[in-house]
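Notes follow the structure.
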Amino acid sequence: MSAVLTPAPLAGAERMLGAVMLAAATFMVVLDITVANVSVATISGDLGVSATQGTWIVTSYAAAQAIAMPLTGWLTRRFGQVRLIVSSVLLFTAASWLCGLAESIETLVAFRVLQGLVAGPMVPVSQSMLLATFGPGGAGTALAIWAMTATIAPITGPIIGGYITEQISWPWIFYINVPVGLLAGGMIWLLYRERETPTQRVPVDVAGLALLVVWVAALQIMLDKGKELDWFASGEIVALTCVAVVGFVLFLAWELLDNPHPIVDLQLLRDRDFWTGTAALSVGYAVFFAAIVVLPLWLQTSMGYTQIWAGLMMMPFGILALVLAPVIGRTLHVVDPRLVACIGFLIFALVSFMRAEFNLEADWVSIALPMFIQGAGNVMFFLPLTALALRGMSPERMPGATGLQNFLRYMGGAVGASLAITLWDDRAKLHRAQLAEHVTRGEPNTEGALAALRSQGLSADQALGWLDRTLDAQARMLSTIDLFWLSGVLFLALAVLVWLANAPRAAAKMAATTGSHE
């Protein structure tokens with residue numbers, strides 16, 4: 001196979017402007033994953049539907065994006081990177097505007113599906129284009145810019161969404177995308193139109209596409225609705241699980257068995273560095289994302305924080321992350337990425353064990369300190385694992401590789417969040433039942449506590465209510481501790497997993513050998 005001729009990296013102001021515009025497009029798309037979460041109740045009320053129906057505002061976008069993301073490689077070969085991302089940005093902008101104008105839940109969900117479908121390729125394509133923009137020598141810097149955008153946006157989404165919904169009105173959580181999208185789409189076209197990648201008329205793998213849509217949609221909806229429907233106690237969840245499993249097996253068989261034009265290049269998983277880096281990144285992101293989902297919920301339910309303040313408590317991690325990302329990016333080519341990722345996971349484990357020491361008296365400093373330290377772990381696992389998975393990847397395979405890697409990371413986050421919320425609730429119920437065994441009428445400590453509360457002016461019912469709320473808060477606290485102990489153990493296991501990847505010298509030798517055969 002002849003090598004694909006790639007343009008020289010951009011330089012100077014063009015390079016920085018291109019990086020900013022690609023980062024803005026990525027930020028806009030990733031932000032929309034979480035920006036509507038805190039606004040579901042308000043939107044549902046305005047549109048006259050139940051909160052359950054309103055959750056489709058979030059689910060529809062997530063499912064559509066999950067379906068489209070692994071198609072990135074095929075879409076790039078068919079239409080070219082530049083045309084694909086510019087079209088996606090402009091269509092996303094139009095869909096955002098239409099979401100703001102929606103006057104019924106049906107039209108809003110339809111436009112959210114459109115948003116998700118066109119958003120799917122944008123994150124992996126922006127990653128691939130950033131790598132081309134900076135060239136092999138600047139790959140670390142490119143990945144640093146992309147990684148910080150992709151990790152900060154989901155955390156800021158609820159803060160921005162909550163503020164806009166409270167202070168202005170919910171349509172503006174979608175309207176804010178319009179100026180950003182128009183500017184990013186226009187500038188990306190001006191800067192990159194002469195750098196279009198080669199295209200070819202690749203046949204559409206209709207069967208593979210249909211199977212992909214079926215199993216990914218079923219899995220995403222199952223994950224989103226599982227907690228609400230009590231998981232496998234629900235016939236709907238059982239049916240969705242069966243569809244997802246059967247669809248996935250058929251999809252694998254179709255894509256791997258003598259398919260000359262697969263919709264997703266699963267042969268990438270034969271590459272040791274790719275599968276090791278992608279597996280560690282996906283599982284690590286699942287555990288990381290589980291923490292940033294549970295932590296704000298704990299702050300609100302047990303510690304009395306408002307939505308906005310709970311969101312703000314997540315922000316300290318960005319300080320070290322922003323400071324270290326350029327440093328880590330510039331040194332990735334001389335430092336073993338396995339070592340950097342291992343240290344990153346050890347930092348995550350430390351942070352998890354620090355959080356496992358939380359109690360109901362924890363002040364904001366003790367809560368913010370682990371979040372601050374986590375910023376270092378964030379860049380030290382995200383950047384090297386991404387670089388590890390993509391090192392030695394040929395330009396023509398890069399879009400497919402970034403698409404598959406981001407899809408698996410995204411699904412890891414979805415699975416992690418669903419499992420974490422379920423485990424958190426189940427452990428809280430267990431701990432409450434165990435605590436309640438020691439809090440019964442007639443038991444000396446219980447009667448003493450009730451008497452003390454009544455002496456403070458509370459009625460008998462008020463004293464019992466206070467005791468009941470205390471049991472709930474304590475059970476939630478114990479459940480949160482359980483979750484963070486488990487997270488710490490998983491991060492320690494991931495610190496070992498990264499060493500399965502090839503050593504840098506072996507990887508360079510393999511890349512040179514592969515290149516000589518092409």
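In the structure tokens, chains take the letters A, B, ... in the order shown, each chain's residues start at 1, and ligands count up from 1 in the order shown.
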Near Leu492 of chain A, counting only C-alpha atoms, which residues have an atom at most 12 Å away, once you skip same-chain residues fewer than 2 positions from it, shown as a ChimeraX atom specification? /A:280,284,287,341-353,485-490,494-498
Quick one: residues within 10 Å of Tyr175 of chain A, only C-alpha atoms counted, chain neighbours fewer than 6 positions away excluded, as a PyMOL selection string? chain A and resi 93-101
Pick the closest to Phe484 of chain A from A:Ile57, A:Ala291, A:Leu339, A:Met314: which is it, counting only C-alpha atoms?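 Distance minimum relative to Phe484 of chain A lands on A:Ala291.
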What is the atom CA of Ala356 of chain A-atom CA of Ile481 of chain A distance in Å, reported with one decimal? 4.5 Å
List as a list in words the protein and nucleic acid residues near Pro262 of chain A, meaning an atom at most 9 Å away when only C-alpha atoms are counted, but skip any in the same chain fewer than 4 places from it. Trp74, Val204, Asp205, Gly208, Leu209, Trp254, Glu255, Leu256 and Leu266 of chain A
Any chance you could export the current selection's N, CA and C atoms as a PDB file, in the first residue's frame?
```pdb
ATOM      1  N   TRP A  74     -15.101   5.527   8.125  1.00  0.00           N
ATOM      2  CA  TRP A  74     -15.779   5.361   6.836  1.00  0.00           C
ATOM      3  C   TRP A  74     -16.184   6.722   6.254  1.00  0.00           C
ATOM      4  N   VAL A 204     -21.179   1.331   0.850  1.00  0.00           N
ATOM      5  CA  VAL A 204     -21.823   1.405   2.159  1.00  0.00           C
ATOM      6  C   VAL A 204     -22.083  -0.007   2.674  1.00  0.00           C
ATOM      7  N   ASP A 205     -21.564  -0.299   3.853  1.00  0.00           N
ATOM      8  CA  ASP A 205     -21.805  -1.584   4.518  1.00  0.00           C
ATOM      9  C   ASP A 205     -23.164  -1.487   5.218  1.00  0.00           C
ATOM     10  N   GLY A 208     -23.736  -3.905   8.203  1.00  0.00           N
ATOM     11  CA  GLY A 208     -22.930  -3.510   9.359  1.00  0.00           C
ATOM     12  C   GLY A 208     -23.465  -2.248  10.012  1.00  0.00           C
ATOM     13  N   LEU A 209     -23.886  -1.275   9.190  1.00  0.00           N
ATOM     14  CA  LEU A 209     -24.439  -0.033   9.725  1.00  0.00           C
ATOM     15  C   LEU A 209     -25.729  -0.297  10.493  1.00  0.00           C
ATOM     16  N   TRP A 254     -20.166 -10.076  11.461  1.00  0.00           N
ATOM     17  CA  TRP A 254     -20.266  -9.489  10.119  1.00  0.00           C
ATOM     18  C   TRP A 254     -19.035  -8.662   9.772  1.00  0.00           C
ATOM     19  N   GLU A 255     -18.557  -7.874  10.732  1.00  0.00           N
ATOM     20  CA  GLU A 255     -17.434  -6.972  10.457  1.00  0.00           C
ATOM     21  C   GLU A 255     -16.100  -7.714  10.344  1.00  0.00           C
ATOM     22  N   LEU A 256     -15.970  -8.858  11.030  1.00  0.00           N
ATOM     23  CA  LEU A 256     -14.686  -9.560  11.066  1.00  0.00           C
ATOM     24  C   LEU A 256     -14.571 -10.686  10.046  1.00  0.00           C
ATOM     25  N   LEU A 266     -12.384  -2.939  12.755  1.00  0.00           N
ATOM     26  CA  LEU A 266     -12.074  -3.651  14.000  1.00  0.00           C
ATOM     27  C   LEU A 266     -10.699  -4.305  13.962  1.00  0.00           C
TER      28      LEU A 266
END
```
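Across A:Leu10, A:Leu22, A:Met16, A:Leu430, the tightest approach to Leu183 of chain A is made by A:Leu22 when counting only C-alpha atoms.
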Step one, run DSSP on the backbone; step two, keep only residues of segment 308-352 of chain A assigned to alpha helix (DSSP H); then write them as an MDAnalysis selection string. chainID A and resid 308:312 317:331 337:352
Write the residues you've just listed into a file as a short mmCIF file (atom, residue, chain, number, x, y, z; two decimals), in the first residue's frame, and include N, CA, C and O atoms for each of them.
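The result, written out as again.cif:
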```cif
data_model
loop_
_atom_site.label_atom_id
_atom_site.label_comp_id
_atom_site.auth_asym_id
_atom_site.auth_seq_id
_atom_site.Cartn_x
_atom_site.Cartn_y
_atom_site.Cartn_z
N ILE A 308 -25.33 24.67 41.69
CA ILE A 308 -24.24 25.51 41.20
C ILE A 308 -22.98 25.29 42.03
O ILE A 308 -21.88 25.11 41.50
N TRP A 309 -23.11 25.27 43.36
CA TRP A 309 -21.94 25.11 44.22
C TRP A 309 -21.35 23.71 44.12
O TRP A 309 -20.13 23.52 44.20
N ALA A 310 -22.22 22.72 43.94
CA ALA A 310 -21.71 21.35 43.74
C ALA A 310 -20.88 21.29 42.46
O ALA A 310 -19.84 20.63 42.41
N GLY A 311 -21.36 21.97 41.43
CA GLY A 311 -20.61 22.02 40.18
C GLY A 311 -19.29 22.77 40.32
O GLY A 311 -18.26 22.34 39.81
N LEU A 312 -19.33 23.88 41.06
CA LEU A 312 -18.10 24.66 41.25
C LEU A 312 -17.05 23.89 42.04
O LEU A 312 -15.84 24.10 41.84
N PHE A 317 -9.89 20.84 39.77
CA PHE A 317 -9.04 19.89 39.04
C PHE A 317 -8.46 20.53 37.78
O PHE A 317 -7.41 20.12 37.28
N GLY A 318 -9.13 21.56 37.26
CA GLY A 318 -8.65 22.19 36.04
C GLY A 318 -7.38 22.97 36.21
O GLY A 318 -6.67 23.22 35.22
N ILE A 319 -7.03 23.35 37.45
CA ILE A 319 -5.85 24.20 37.67
C ILE A 319 -4.57 23.45 37.32
O ILE A 319 -3.80 23.88 36.44
N LEU A 320 -4.32 22.34 38.00
CA LEU A 320 -3.11 21.56 37.70
C LEU A 320 -3.16 20.98 36.30
O LEU A 320 -2.13 20.86 35.63
N ALA A 321 -4.35 20.62 35.85
CA ALA A 321 -4.48 20.04 34.52
C ALA A 321 -4.02 21.03 33.45
O ALA A 321 -3.27 20.68 32.53
N LEU A 322 -4.45 22.27 33.57
CA LEU A 322 -4.07 23.29 32.59
C LEU A 322 -2.58 23.60 32.66
O LEU A 322 -1.94 23.86 31.64
N VAL A 323 -2.01 23.58 33.86
CA VAL A 323 -0.59 23.88 34.02
C VAL A 323 0.28 22.74 33.48
O VAL A 323 1.29 22.98 32.80
N LEU A 324 -0.11 21.50 33.76
CA LEU A 324 0.73 20.36 33.42
C LEU A 324 0.53 19.85 32.00
O LEU A 324 1.43 19.20 31.45
N ALA A 325 -0.63 20.11 31.40
CA ALA A 325 -0.91 19.55 30.07
C ALA A 325 0.17 19.93 29.05
O ALA A 325 0.67 19.05 28.34
N PRO A 326 0.57 21.20 28.93
CA PRO A 326 1.63 21.53 27.95
C PRO A 326 2.95 20.85 28.28
O PRO A 326 3.68 20.43 27.39
N VAL A 327 3.27 20.74 29.58
CA VAL A 327 4.53 20.11 29.99
C VAL A 327 4.55 18.63 29.62
O VAL A 327 5.50 18.13 29.02
N ILE A 328 3.47 17.94 29.98
CA ILE A 328 3.37 16.51 29.64
C ILE A 328 3.37 16.32 28.14
O ILE A 328 4.04 15.42 27.61
N GLY A 329 2.65 17.20 27.43
CA GLY A 329 2.58 17.09 25.98
C GLY A 329 3.94 17.21 25.32
O GLY A 329 4.27 16.47 24.39
N ARG A 330 4.76 18.15 25.81
CA ARG A 330 6.07 18.38 25.19
C ARG A 330 7.09 17.29 25.51
O ARG A 330 8.08 17.14 24.80
N THR A 331 6.84 16.54 26.58
CA THR A 331 7.83 15.53 27.00
C THR A 331 7.44 14.10 26.62
O THR A 331 8.21 13.17 26.88
N PRO A 337 5.53 6.54 27.71
CA PRO A 337 4.14 6.87 28.05
C PRO A 337 3.53 5.90 29.06
O PRO A 337 2.62 6.26 29.81
N ARG A 338 4.05 4.67 29.10
CA ARG A 338 3.54 3.70 30.09
C ARG A 338 3.85 4.17 31.51
O ARG A 338 3.02 4.02 32.42
N LEU A 339 5.03 4.75 31.71
CA LEU A 339 5.42 5.25 33.02
C LEU A 339 4.55 6.43 33.43
O LEU A 339 4.08 6.51 34.57
N VAL A 340 4.34 7.36 32.50
CA VAL A 340 3.52 8.54 32.80
C VAL A 340 2.09 8.12 33.14
O VAL A 340 1.49 8.60 34.11
N ALA A 341 1.53 7.20 32.34
CA ALA A 341 0.16 6.73 32.59
C ALA A 341 0.08 6.00 33.92
O ALA A 341 -0.90 6.15 34.66
N CYS A 342 1.08 5.20 34.23
CA CYS A 342 1.11 4.47 35.51
C CYS A 342 1.08 5.45 36.68
O CYS A 342 0.32 5.27 37.64
N ILE A 343 1.90 6.51 36.61
CA ILE A 343 1.91 7.52 37.67
C ILE A 343 0.55 8.21 37.76
O ILE A 343 0.03 8.48 38.85
N GLY A 344 -0.04 8.48 36.58
CA GLY A 344 -1.36 9.09 36.56
C GLY A 344 -2.40 8.25 37.28
O GLY A 344 -3.21 8.76 38.08
N PHE A 345 -2.39 6.95 37.03
CA PHE A 345 -3.34 6.06 37.71
C PHE A 345 -3.06 5.98 39.21
O PHE A 345 -3.99 5.86 40.01
N LEU A 346 -1.79 6.02 39.60
CA LEU A 346 -1.46 6.01 41.02
C LEU A 346 -1.97 7.27 41.72
O LEU A 346 -2.42 7.23 42.86
N ILE A 347 -1.89 8.41 41.00
CA ILE A 347 -2.44 9.66 41.55
C ILE A 347 -3.95 9.54 41.70
O ILE A 347 -4.53 9.95 42.72
N PHE A 348 -4.61 8.96 40.70
CA PHE A 348 -6.06 8.75 40.78
C PHE A 348 -6.41 7.84 41.97
O PHE A 348 -7.41 8.05 42.66
N ALA A 349 -5.60 6.80 42.18
CA ALA A 349 -5.84 5.91 43.31
C ALA A 349 -5.69 6.67 44.62
O ALA A 349 -6.51 6.51 45.55
N LEU A 350 -4.65 7.50 44.73
CA LEU A 350 -4.44 8.32 45.93
C LEU A 350 -5.65 9.21 46.18
O LEU A 350 -6.15 9.31 47.32
N VAL A 351 -6.13 9.88 45.13
CA VAL A 351 -7.29 10.76 45.25
C VAL A 351 -8.52 9.98 45.72
O VAL A 351 -9.28 10.44 46.58
N SER A 352 -8.72 8.79 45.17
CA SER A 352 -9.87 7.97 45.56
C SER A 352 -9.79 7.58 47.04
O SER A 352 -10.80 7.64 47.76
#
```
Considering only C-alpha atoms, give me a table of residues in segment 17-131 of chain A that are at most 9 Å from segment 389-400 of chain A, with the closest atom pair and distance in Å for each, as CSV.
```
residue,atom,partner,partner_atom,distance
A:Pro70,CA,A:Gly400,CA,7.4
A:Leu71,CA,A:Gly400,CA,7.7
A:Thr72,CA,A:Gly400,CA,5.9
A:Gly73,CA,A:Gly400,CA,3.6
A:Trp74,CA,A:Gly400,CA,7.2
A:Thr76,CA,A:Pro399,CA,6.8
A:Arg77,CA,A:Glu396,CA,8.2
A:Gln81,CA,A:Pro399,CA,8.2
A:Pro124,CA,A:Pro399,CA,6.8
A:Val125,CA,A:Pro399,CA,6.2
A:Gln127,CA,A:Pro399,CA,8.6
A:Ser128,CA,A:Pro399,CA,6.1
A:Met129,CA,A:Pro399,CA,8.8
```
Please list as a PyMOL selection string every residue within 9 Å of Leu143 of chain A, counting only C-alpha atoms and excluding residues in the same chain fewer than 4 positions away. chain A and resi 127+130-131+138-139+147-148+325+329+382-384+386-387
Residue with smallest distance to Leu500 of chain A - pool A:Pro136, A:Gly120, A:Gly277, A:Gly54, counting only C-alpha atoms: A:Gly277
Record the distance separating atom CA of Thr276 of chain A and atom CA of Val249 of chain A, expressed in Å with one decimal.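 Taking atom CA of Thr276 of chain A and atom CA of Val249 of chain A, their separation equals 21.7 Å.
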